file query.cif (mmCIF, C-alpha atoms)
data_coords
#
loop_
_atom_site.label_atom_id
_atom_site.label_comp_id
_atom_site.auth_asym_id
_atom_site.auth_seq_id
_atom_site.Cartn_x
_atom_site.Cartn_y
_atom_site.Cartn_z
CA MET A 1 0.00 0.00 0.00
CA SER A 2 1.22 3.48 -0.80
CA LYS A 3 1.66 5.88 2.08
CA ARG A 4 -1.00 8.50 2.47
CA HIS A 5 0.31 12.03 1.84
CA VAL A 6 -0.63 14.41 4.67
CA TYR A 7 -1.14 17.98 3.52
CA PRO A 8 -0.36 20.84 5.97
CA SER A 9 -3.38 22.51 7.46
CA ALA A 10 -4.67 25.85 6.24
CA ALA A 11 -3.78 27.44 9.62
CA ILE A 12 -0.09 26.48 9.24
CA ASN A 13 -0.09 27.85 5.69
CA ARG A 14 -1.53 31.16 6.87
CA LYS A 15 1.04 31.39 9.70
CA TYR A 16 3.89 30.68 7.27
CA LYS A 17 2.65 33.38 4.88
CA ARG A 18 2.34 35.94 7.72
CA ASN A 19 5.91 35.24 8.90
CA ALA A 20 7.24 35.48 5.34
CA GLU A 21 5.46 38.82 4.89
CA LYS A 22 6.92 40.13 8.18
CA ARG A 23 10.44 39.17 7.09
CA ARG A 24 9.92 40.86 3.72
CA LEU A 25 8.68 44.10 5.30
CA THR A 26 11.49 44.10 7.90
CA ALA A 27 14.09 43.72 5.14
CA GLN A 28 12.65 46.80 3.37
CA LEU A 29 12.97 49.03 6.47
CA PRO A 30 15.89 51.48 6.36
CA VAL A 31 18.78 50.55 8.68
CA LYS A 32 19.25 53.09 11.46
CA GLU A 33 22.67 54.64 11.31
CA HIS A 34 24.67 54.82 14.54
CA SER A 35 25.10 58.43 15.66
CA LEU A 36 28.72 59.14 16.54
CA LYS A 37 29.29 59.64 20.28
CA VAL A 38 32.18 61.33 22.05
CA TYR A 39 33.15 60.03 25.49
CA SER A 40 35.64 61.51 27.93
CA TYR A 41 37.38 59.24 30.44
CA LEU A 42 38.75 60.89 33.59
CA ARG A 43 40.57 59.14 36.46
CA VAL A 44 42.42 60.13 39.63
CA SER A 45 44.24 57.70 41.92
CA THR A 46 43.43 59.18 45.33
CA GLY A 47 40.47 60.88 46.99
CA MET A 48 42.68 63.94 47.62
CA GLN A 49 42.84 64.64 43.86
CA THR A 50 40.07 65.97 41.61
CA VAL A 51 39.28 65.44 37.95
CA GLU A 52 38.56 69.13 37.33
CA SER A 53 41.99 69.92 35.84
CA GLN A 54 41.67 66.94 33.46
CA LYS A 55 38.13 68.02 32.55
CA ILE A 56 39.26 71.55 31.64
CA GLY A 57 42.04 70.17 29.39
CA VAL A 58 39.70 67.69 27.70
CA GLU A 59 36.99 70.31 27.06
CA SER A 60 39.55 72.70 25.56
CA PHE A 61 40.88 69.90 23.31
CA ALA A 62 37.36 68.94 22.20
CA LYS A 63 36.61 72.58 21.34
CA GLN A 64 39.72 72.76 19.14
CA LYS A 65 38.60 69.61 17.29
CA SER A 66 34.99 70.94 17.00
CA LEU A 67 33.67 68.03 19.07
CA THR A 68 30.92 67.95 21.71
CA ILE A 69 31.41 65.55 24.62
CA ASP A 70 28.26 63.47 25.08
CA GLU A 71 29.22 61.68 28.30
CA TYR A 72 31.90 61.78 31.01
CA ILE A 73 33.09 58.47 32.46
CA ILE A 74 34.80 59.16 35.80
CA ASP A 75 36.81 56.94 38.15
CA GLU A 76 37.76 58.75 41.36
CA GLY A 77 40.15 57.33 43.94
CA ILE A 78 40.94 54.25 41.82
CA SER A 79 44.45 53.14 40.88
CA GLY A 80 45.36 52.66 37.23
CA THR A 81 46.54 49.14 38.08
CA VAL A 82 42.92 48.04 38.78
CA LYS A 83 41.43 46.03 35.94
CA ALA A 84 39.07 47.86 33.55
CA GLU A 85 36.08 45.60 34.34
CA ASN A 86 36.32 46.65 38.01
CA ARG A 87 36.12 50.33 37.05
CA ASN A 88 33.61 52.50 35.22
CA LEU A 89 35.96 52.17 32.25
CA GLY A 90 34.59 48.65 31.74
CA LYS A 91 31.08 50.09 31.22
CA LEU A 92 32.50 52.50 28.63
CA LEU A 93 34.11 49.66 26.66
CA LYS A 94 30.72 47.92 26.38
CA LYS A 95 29.09 51.10 25.00
CA LEU A 96 31.64 51.80 22.26
CA LYS A 97 30.64 51.37 18.64
CA ASP A 98 32.18 52.04 15.25
CA GLY A 99 33.06 55.72 14.79
CA ASP A 100 32.88 56.67 18.48
CA ILE A 101 35.66 58.73 20.09
CA VAL A 102 37.27 58.39 23.53
CA ILE A 103 39.15 61.43 24.84
CA CYS A 104 41.50 61.12 27.84
CA SER A 105 44.03 63.57 29.27
CA GLU A 106 46.84 61.00 28.82
CA LEU A 107 47.07 57.29 27.97
CA SER A 108 48.29 56.39 31.47
CA ARG A 109 44.82 57.39 32.76
CA LEU A 110 43.40 54.35 31.00
CA SER A 111 45.87 52.02 32.72
CA ARG A 112 49.26 52.09 34.43
CA THR A 113 50.34 48.59 33.40
CA MET A 114 51.71 47.95 29.92
CA THR A 115 49.84 44.72 29.18
CA GLU A 116 46.51 46.08 30.42
CA LEU A 117 46.86 49.31 28.41
CA LEU A 118 47.73 47.43 25.23
CA CYS A 119 44.70 45.15 25.71
CA LEU A 120 42.44 48.15 26.34
CA LEU A 121 43.64 50.02 23.27
CA ASN A 122 43.33 46.88 21.16
CA SER A 123 39.75 46.38 22.42
CA ILE A 124 38.80 50.00 21.68
CA LEU A 125 40.39 50.08 18.23
CA LYS A 126 38.80 46.74 17.25
CA THR A 127 35.33 48.29 17.65
CA GLY A 128 36.30 50.97 15.12
CA ALA A 129 36.47 53.71 17.78
CA LYS A 130 39.30 56.25 18.10
CA VAL A 131 41.30 57.36 21.13
CA TYR A 132 42.38 61.00 21.52
CA SER A 133 45.13 61.76 24.01
CA VAL A 134 45.21 65.43 25.07
CA LYS A 135 48.72 65.83 26.55
CA GLU A 136 50.47 63.65 23.98
CA ASN A 137 48.28 65.14 21.21
CA TYR A 138 47.80 61.79 19.47
CA THR A 139 44.88 60.29 17.59
CA LEU A 140 44.95 56.50 17.76
CA GLY A 141 42.99 54.61 15.13
CA ASP A 142 43.07 51.15 13.57
CA ASP A 143 46.44 51.48 11.81
CA LEU A 144 50.02 50.30 12.35
CA THR A 145 51.37 53.73 13.36
CA SER A 146 48.77 54.04 16.11
CA GLN A 147 49.63 50.58 17.45
CA VAL A 148 53.35 51.44 17.59
CA ILE A 149 52.62 54.73 19.41
CA ALA A 150 50.28 52.94 21.83
CA PHE A 151 52.98 50.36 22.61
CA ALA A 152 55.59 53.08 23.23
CA PHE A 153 53.36 55.04 25.62
CA SER A 154 52.17 51.93 27.45
CA LEU A 155 55.84 50.98 28.01
CA CYS A 156 56.58 54.48 29.39
CA ALA A 157 53.52 54.33 31.68
CA ASP A 158 54.60 50.93 33.02
CA ILE A 159 58.15 52.15 33.71
CA GLU A 160 56.81 55.26 35.47
CA ARG A 161 54.50 53.14 37.66
CA ARG A 162 57.38 50.85 38.67
CA MET A 163 59.58 53.84 39.53
CA ILE A 164 56.85 55.43 41.69
CA SER A 165 56.31 52.10 43.47
CA ALA A 166 60.05 51.69 44.09
CA ARG A 167 60.38 55.25 45.48
CA THR A 168 57.40 54.73 47.79
CA LYS A 169 58.85 51.47 49.15
CA GLU A 170 62.26 53.10 49.69
CA GLY A 171 60.64 55.99 51.56
CA LEU A 172 58.66 53.65 53.83
CA ALA A 173 61.74 51.52 54.53
CA ASN A 174 63.76 54.65 55.38
CA ALA A 175 61.03 55.92 57.75
CA LYS A 176 60.81 52.51 59.45
CA ALA A 177 64.61 52.41 59.90
CA LYS A 178 64.43 55.79 61.68
CA GLY A 179 61.93 54.34 64.17
CA LYS A 180 58.72 55.75 62.77
CA ILE A 181 55.69 53.50 63.35
CA LEU A 182 53.88 52.89 60.08
CA GLY A 183 50.15 52.38 59.66
CA ARG A 184 47.31 53.26 62.02
CA PRO A 185 48.01 53.60 65.74
CA LYS A 186 46.94 50.66 67.89
CA GLY A 187 43.30 51.00 69.00
CA TYR A 188 42.54 53.64 66.36
CA VAL A 189 38.86 53.92 65.54
CA CYS A 190 37.87 55.28 62.14
CA LYS A 191 35.68 58.40 62.45
CA HIS A 192 33.73 57.61 59.28
CA HIS A 193 32.41 54.23 58.21
CA VAL A 194 30.54 53.07 55.12
CA THR A 195 27.65 51.89 57.30
CA ASP A 196 27.13 55.22 59.11
CA GLY A 197 23.45 56.27 59.14
CA LYS A 198 22.23 53.00 57.62
CA LYS A 199 20.82 51.24 60.71
CA TYR A 200 17.23 52.34 60.15
CA LYS A 201 17.36 51.57 56.45
CA TYR A 202 18.89 48.13 57.10
CA LEU A 203 16.16 47.16 59.59
CA LYS A 204 13.45 48.49 57.30
CA LEU A 205 14.75 46.41 54.37
CA ARG A 206 15.11 43.32 56.55
CA LEU A 207 11.49 43.68 57.68
CA LYS A 208 10.50 43.86 54.01
CA GLY A 209 12.12 40.44 53.57
CA LEU A 210 15.39 41.35 51.83
CA SER A 211 18.41 39.15 52.56
CA LYS A 212 21.74 40.50 53.82
CA ILE A 213 23.35 39.79 50.43
CA LYS A 214 20.74 41.89 48.58
CA ILE A 215 21.07 44.69 51.16
CA ALA A 216 24.87 44.62 50.76
CA LYS A 217 24.46 45.03 46.98
CA ARG A 218 21.99 47.88 47.47
CA PHE A 219 24.38 49.64 49.90
CA ARG A 220 27.33 48.83 47.58
CA ILE A 221 29.15 47.26 50.51
CA SER A 222 30.71 43.81 50.74
CA TYR A 223 28.64 41.09 52.42
CA LYS A 224 31.41 40.48 54.99
CA THR A 225 31.32 44.17 56.05
CA ILE A 226 27.52 44.02 56.51
CA GLN A 227 27.86 40.79 58.48
CA ASN A 228 30.50 42.21 60.86
CA TRP A 229 28.55 45.47 61.29
CA VAL A 230 25.29 43.63 62.11
CA LYS A 231 27.11 41.40 64.62
CA ALA A 232 28.92 44.31 66.31
CA ASN A 233 25.67 46.30 66.74
CA ASN A 234 23.41 43.31 67.60
CA LEU A 235 21.01 44.40 64.86
CA ASP A 236 19.62 40.89 64.35
CA ASP A 237 18.61 40.70 68.04
CA TYR A 238 16.93 44.09 67.77
CA LEU A 239 15.17 42.94 64.60
CA LYS A 240 13.67 39.94 66.46
CA PHE A 241 12.42 42.31 69.19
CA VAL A 242 10.82 44.66 66.64
CA LYS A 243 9.10 41.77 64.84
CA PHE A 244 7.74 40.48 68.14
CA LYS A 245 6.50 43.82 69.50
CA THR A 246 5.28 45.62 66.37
CA ASN A 247 4.25 45.13 62.80
CA TYR A 248 6.00 46.74 59.81
CA LYS A 249 3.73 49.81 59.54
CA ILE A 250 4.15 50.75 63.20
CA PHE A 251 7.91 50.29 62.91
CA ASP A 252 8.06 52.45 59.81
CA LYS A 253 6.13 55.24 61.57
CA PHE A 254 7.70 55.37 65.04
CA ALA A 255 10.99 53.49 65.21
CA LYS A 256 13.36 55.82 63.36
CA SER A 257 14.32 57.81 66.47
CA ILE A 258 14.88 54.58 68.43
CA VAL A 259 17.06 52.98 65.72
CA ASP A 260 19.43 55.96 65.66
CA ASN A 261 20.31 55.19 69.27
CA VAL A 262 20.82 51.42 68.78
#
call {"tool": "encode", "arguments": {"input": "query.cif", "output": "structure tokens"}}
result
Amino acid sequence: MSKRHVYPSAAINRKYKRNAEKRRLTAQLPVKEHSLKVYSYLRVSTGMQTVESQKIGVESFAKQKSLTIDEYIIDEGISGTVKAENRNLGKLLKKLKDGDIVICSELSRLSRTMTELLCLLNSILKTGAKVYSVKENYTLGDDLTSQVIAFAFSLCADIERRMISARTKEGLANAKAKGKILGRPKGYVCKHHVTDGKKYKYLKLRLKGLSKIKIAKRFRISYKTIQNWVKANNLDDYLKFVKFKTNYKIFDKFAKSIVDNV
């Protein structure tokens, strides 16, 4: 016996035709062109420094090139030896597209280590973006000359970082030899802490059902710091008392003044 041929249903045919029509119409739509964006990356190593001087230089440079800076990416108090993904620079790298421009005051602001800087520049140039360096007055694009210049400056930045590190270590060793005690004095208590003024908010979030890990992420503090802080202030014991004596609404209305004194 010959096998019976099963024809597709009318519903499947209609669905196929609709999908084919959608694909045809989508193909006819004009492709949106990417609008060129200009980013400025600013970084300082310590909290004592400010990015204002870099910002002035970058703005003046952009004005000379007839460019308008769309967004500033700033890393304050972060060493150039820290990896890009652990800085705001990592977010910038994800945003970059073909034709975009990154302006920095000098290449060493991107990174202080030679290998990291070369990887960063390679990543930026691969996307088709350009890097403008204000102090060195260089435009780095996807060409051999730019790669040679990038290598030379990354080597200089790495040598400079090593020299600064060596001088710092020599100075500390010299001070220690003269009898100076390095580091914080014994029993020193820090006047400011990352958890200051967060007791009420912590208890409120815990009553809402948030875990310590989620609260740590919301506060942008490590979980270990939250754990030690809660233990030192007996906040979990106080939380049990609040849950037993009140409900959430009463706590939210009256307990703020009490929590400040916990």
call {"tool": "closest_residue", "arguments": {"input": "query.cif", "among": "A:Thr68, A:Glu106, A:Thr26, A:Lys17", "to": "Val44 of chain A", "atoms": "only C-alpha atoms"}}
result
A:Glu106
call {"tool": "atom_distance", "arguments": {"input": "query.cif", "atom1": "atom CA of Ala129 of chain A", "atom2": "atom CA of Gly99 of chain A"}}
result
5.0 Å
call {"tool": "resolve_selection", "arguments": {"input": "query.cif", "expression": "the PyMOL selection byres ((chain A and resi 110) around 9)", "output": "VMD selection string"}}
result
chain A and resid 41 to 43 80 84 89 104 106 to 109 111 to 112 116 to 117 120 to 121
call {"tool": "atom_distance", "arguments": {"input": "query.cif", "atom1": "atom CA of Ala166 of chain A", "atom2": "atom CA of Leu182 of chain A"}}
result
17.2 Å
call {"tool": "residues_near_point", "arguments": {"input": "query.cif", "point": "(58.2, 52.0, 26.6)", "cutoff": "12 Å", "atoms": "only C-alpha atoms", "output": "VMD selection string"}}
result
chain A and resid 108 112 to 115 117 to 118 148 to 161
call {"tool": "atom_distance", "arguments": {"input": "query.cif", "atom1": "atom CA of Lys199 of chain A", "atom2": "atom CA of Leu235 of chain A"}}
result
8.0 Å
call {"tool": "resolve_selection", "arguments": {"input": "query.cif", "expression": "the PyMOL selection byres ((chain A and resi 205-212) around 8)", "output": "compact mmCIF listing (two decimals) with C-alpha atoms, in the coordinates of the input"}}
result
# COMPACT_ATOMS: atom_id res chain seq x y z
CA LYS A 201 17.36 51.57 56.45
CA TYR A 202 18.89 48.13 57.10
CA LEU A 203 16.16 47.16 59.59
CA LYS A 204 13.45 48.49 57.30
CA ILE A 213 23.35 39.79 50.43
CA LYS A 214 20.74 41.89 48.58
CA ILE A 215 21.07 44.69 51.16
CA ALA A 216 24.87 44.62 50.76
CA TYR A 223 28.64 41.09 52.42
CA ILE A 226 27.52 44.02 56.51
CA GLN A 227 27.86 40.79 58.48
CA LEU A 239 15.17 42.94 64.60
CA LYS A 243 9.10 41.77 64.84
CA TYR A 248 6.00 46.74 59.81
call {"tool": "resolve_selection", "arguments": {"input": "query.cif", "expression": "the PyMOL selection byres ((chain A and resi 140) around 10)", "output": "list of chain:residue names"}}
result
A:Ile101, A:Val102, A:Leu121, A:Ile124, A:Leu125, A:Ala129, A:Lys130, A:Val131, A:Tyr132, A:Ser133, A:Asn137, A:Tyr138, A:Thr139, A:Gly141, A:Asp142, A:Asp143, A:Leu144, A:Thr145, A:Ser146, A:Gln147, A:Val148, A:Ile149, A:Ala150
call {"tool": "closest_residue", "arguments": {"input": "query.cif", "among": "A:Asn88, A:Ser45, A:Asn19, A:Asn234", "to": "Tyr72 of chain A", "atoms": "only C-alpha atoms"}}
result
A:Asn88
call {"tool": "closest_residue", "arguments": {"input": "query.cif", "among": "A:Lys95, A:Lys83, A:Lys126, A:Arg23", "to": "Tyr39 of chain A", "atoms": "all atoms listed in the file"}}
result
A:Lys95
call {"tool": "closest_residue", "arguments": {"input": "query.cif", "among": "A:Lys135, A:Arg184, A:Lys176, A:Arg167", "to": "Phe61 of chain A", "atoms": "all atoms listed in the file"}}
result
A:Lys135
call {"tool": "axis_aligned_box", "arguments": {"input": "query.cif", "around": "segment 14-24 of chain A", "padding_each_side": "4 Å", "output": "lines of an AutoDock Vina configuration file"}}
result
center_x = 4.5
center_y = 35.8
center_z = 6.7
size_x = 20.0
size_y = 18.2
size_z = 14.0
call {"tool": "closest_residue", "arguments": {"input": "query.cif", "among": "A:Val134, A:Arg14, A:Glu52, A:Phe219", "to": "Lys65 of chain A", "atoms": "only C-alpha atoms"}}
result
A:Val134
call {"tool": "build_atoms", "arguments": {"input": "query.cif", "residues": "segment 106-120 of chain A", "atoms": "N, CA, C and O atoms", "output": "tab-separated table (two decimals), in the coordinates of the input"}}
result
chain	number	residue	atom	x	y	z
A	106	GLU	N	45.63	61.72	29.23
A	106	GLU	CA	46.84	61.00	28.82
A	106	GLU	C	46.56	59.50	28.85
A	106	GLU	O	45.66	59.05	29.55
A	107	LEU	N	47.32	58.73	28.10
A	107	LEU	CA	47.07	57.29	27.97
A	107	LEU	C	47.22	56.56	29.30
A	107	LEU	O	46.55	55.55	29.52
A	108	SER	N	48.08	57.06	30.18
A	108	SER	CA	48.29	56.39	31.47
A	108	SER	C	47.04	56.45	32.34
A	108	SER	O	46.93	55.71	33.31
A	109	ARG	N	46.07	57.33	32.01
A	109	ARG	CA	44.82	57.39	32.76
A	109	ARG	C	43.96	56.17	32.49
A	109	ARG	O	43.15	55.77	33.32
A	110	LEU	N	44.14	55.57	31.31
A	110	LEU	CA	43.40	54.35	31.00
A	110	LEU	C	43.93	53.18	31.81
A	110	LEU	O	43.17	52.39	32.36
A	111	SER	N	45.26	53.07	31.91
A	111	SER	CA	45.87	52.02	32.72
A	111	SER	C	47.34	52.34	32.95
A	111	SER	O	47.98	52.99	32.12
A	112	ARG	N	47.86	51.86	34.08
A	112	ARG	CA	49.26	52.09	34.43
A	112	ARG	C	50.15	50.90	34.06
A	112	ARG	O	51.37	51.00	34.10
A	113	THR	N	49.55	49.77	33.75
A	113	THR	CA	50.34	48.59	33.40
A	113	THR	C	50.36	48.42	31.88
A	113	THR	O	49.35	48.65	31.21
A	114	MET	N	51.51	48.02	31.37
A	114	MET	CA	51.71	47.95	29.92
A	114	MET	C	50.76	46.96	29.26
A	114	MET	O	50.12	47.29	28.26
A	115	THR	N	50.68	45.76	29.80
A	115	THR	CA	49.84	44.72	29.18
A	115	THR	C	48.37	45.12	29.19
A	115	THR	O	47.66	44.93	28.19
A	116	GLU	N	47.91	45.68	30.30
A	116	GLU	CA	46.51	46.08	30.42
A	116	GLU	C	46.19	47.21	29.44
A	116	GLU	O	45.15	47.19	28.77
A	117	LEU	N	47.09	48.18	29.33
A	117	LEU	CA	46.86	49.31	28.41
A	117	LEU	C	46.83	48.85	26.96
A	117	LEU	O	45.98	49.29	26.18
A	118	LEU	N	47.72	47.95	26.60
A	118	LEU	CA	47.73	47.43	25.23
A	118	LEU	C	46.44	46.68	24.91
A	118	LEU	O	45.87	46.82	23.83
A	119	CYS	N	45.97	45.88	25.89
A	119	CYS	CA	44.70	45.15	25.71
A	119	CYS	C	43.52	46.10	25.57
A	119	CYS	O	42.63	45.89	24.75
A	120	LEU	N	43.53	47.16	26.38
A	120	LEU	CA	42.44	48.15	26.34
A	120	LEU	C	42.41	48.86	24.99
A	120	LEU	O	41.35	48.99	24.37
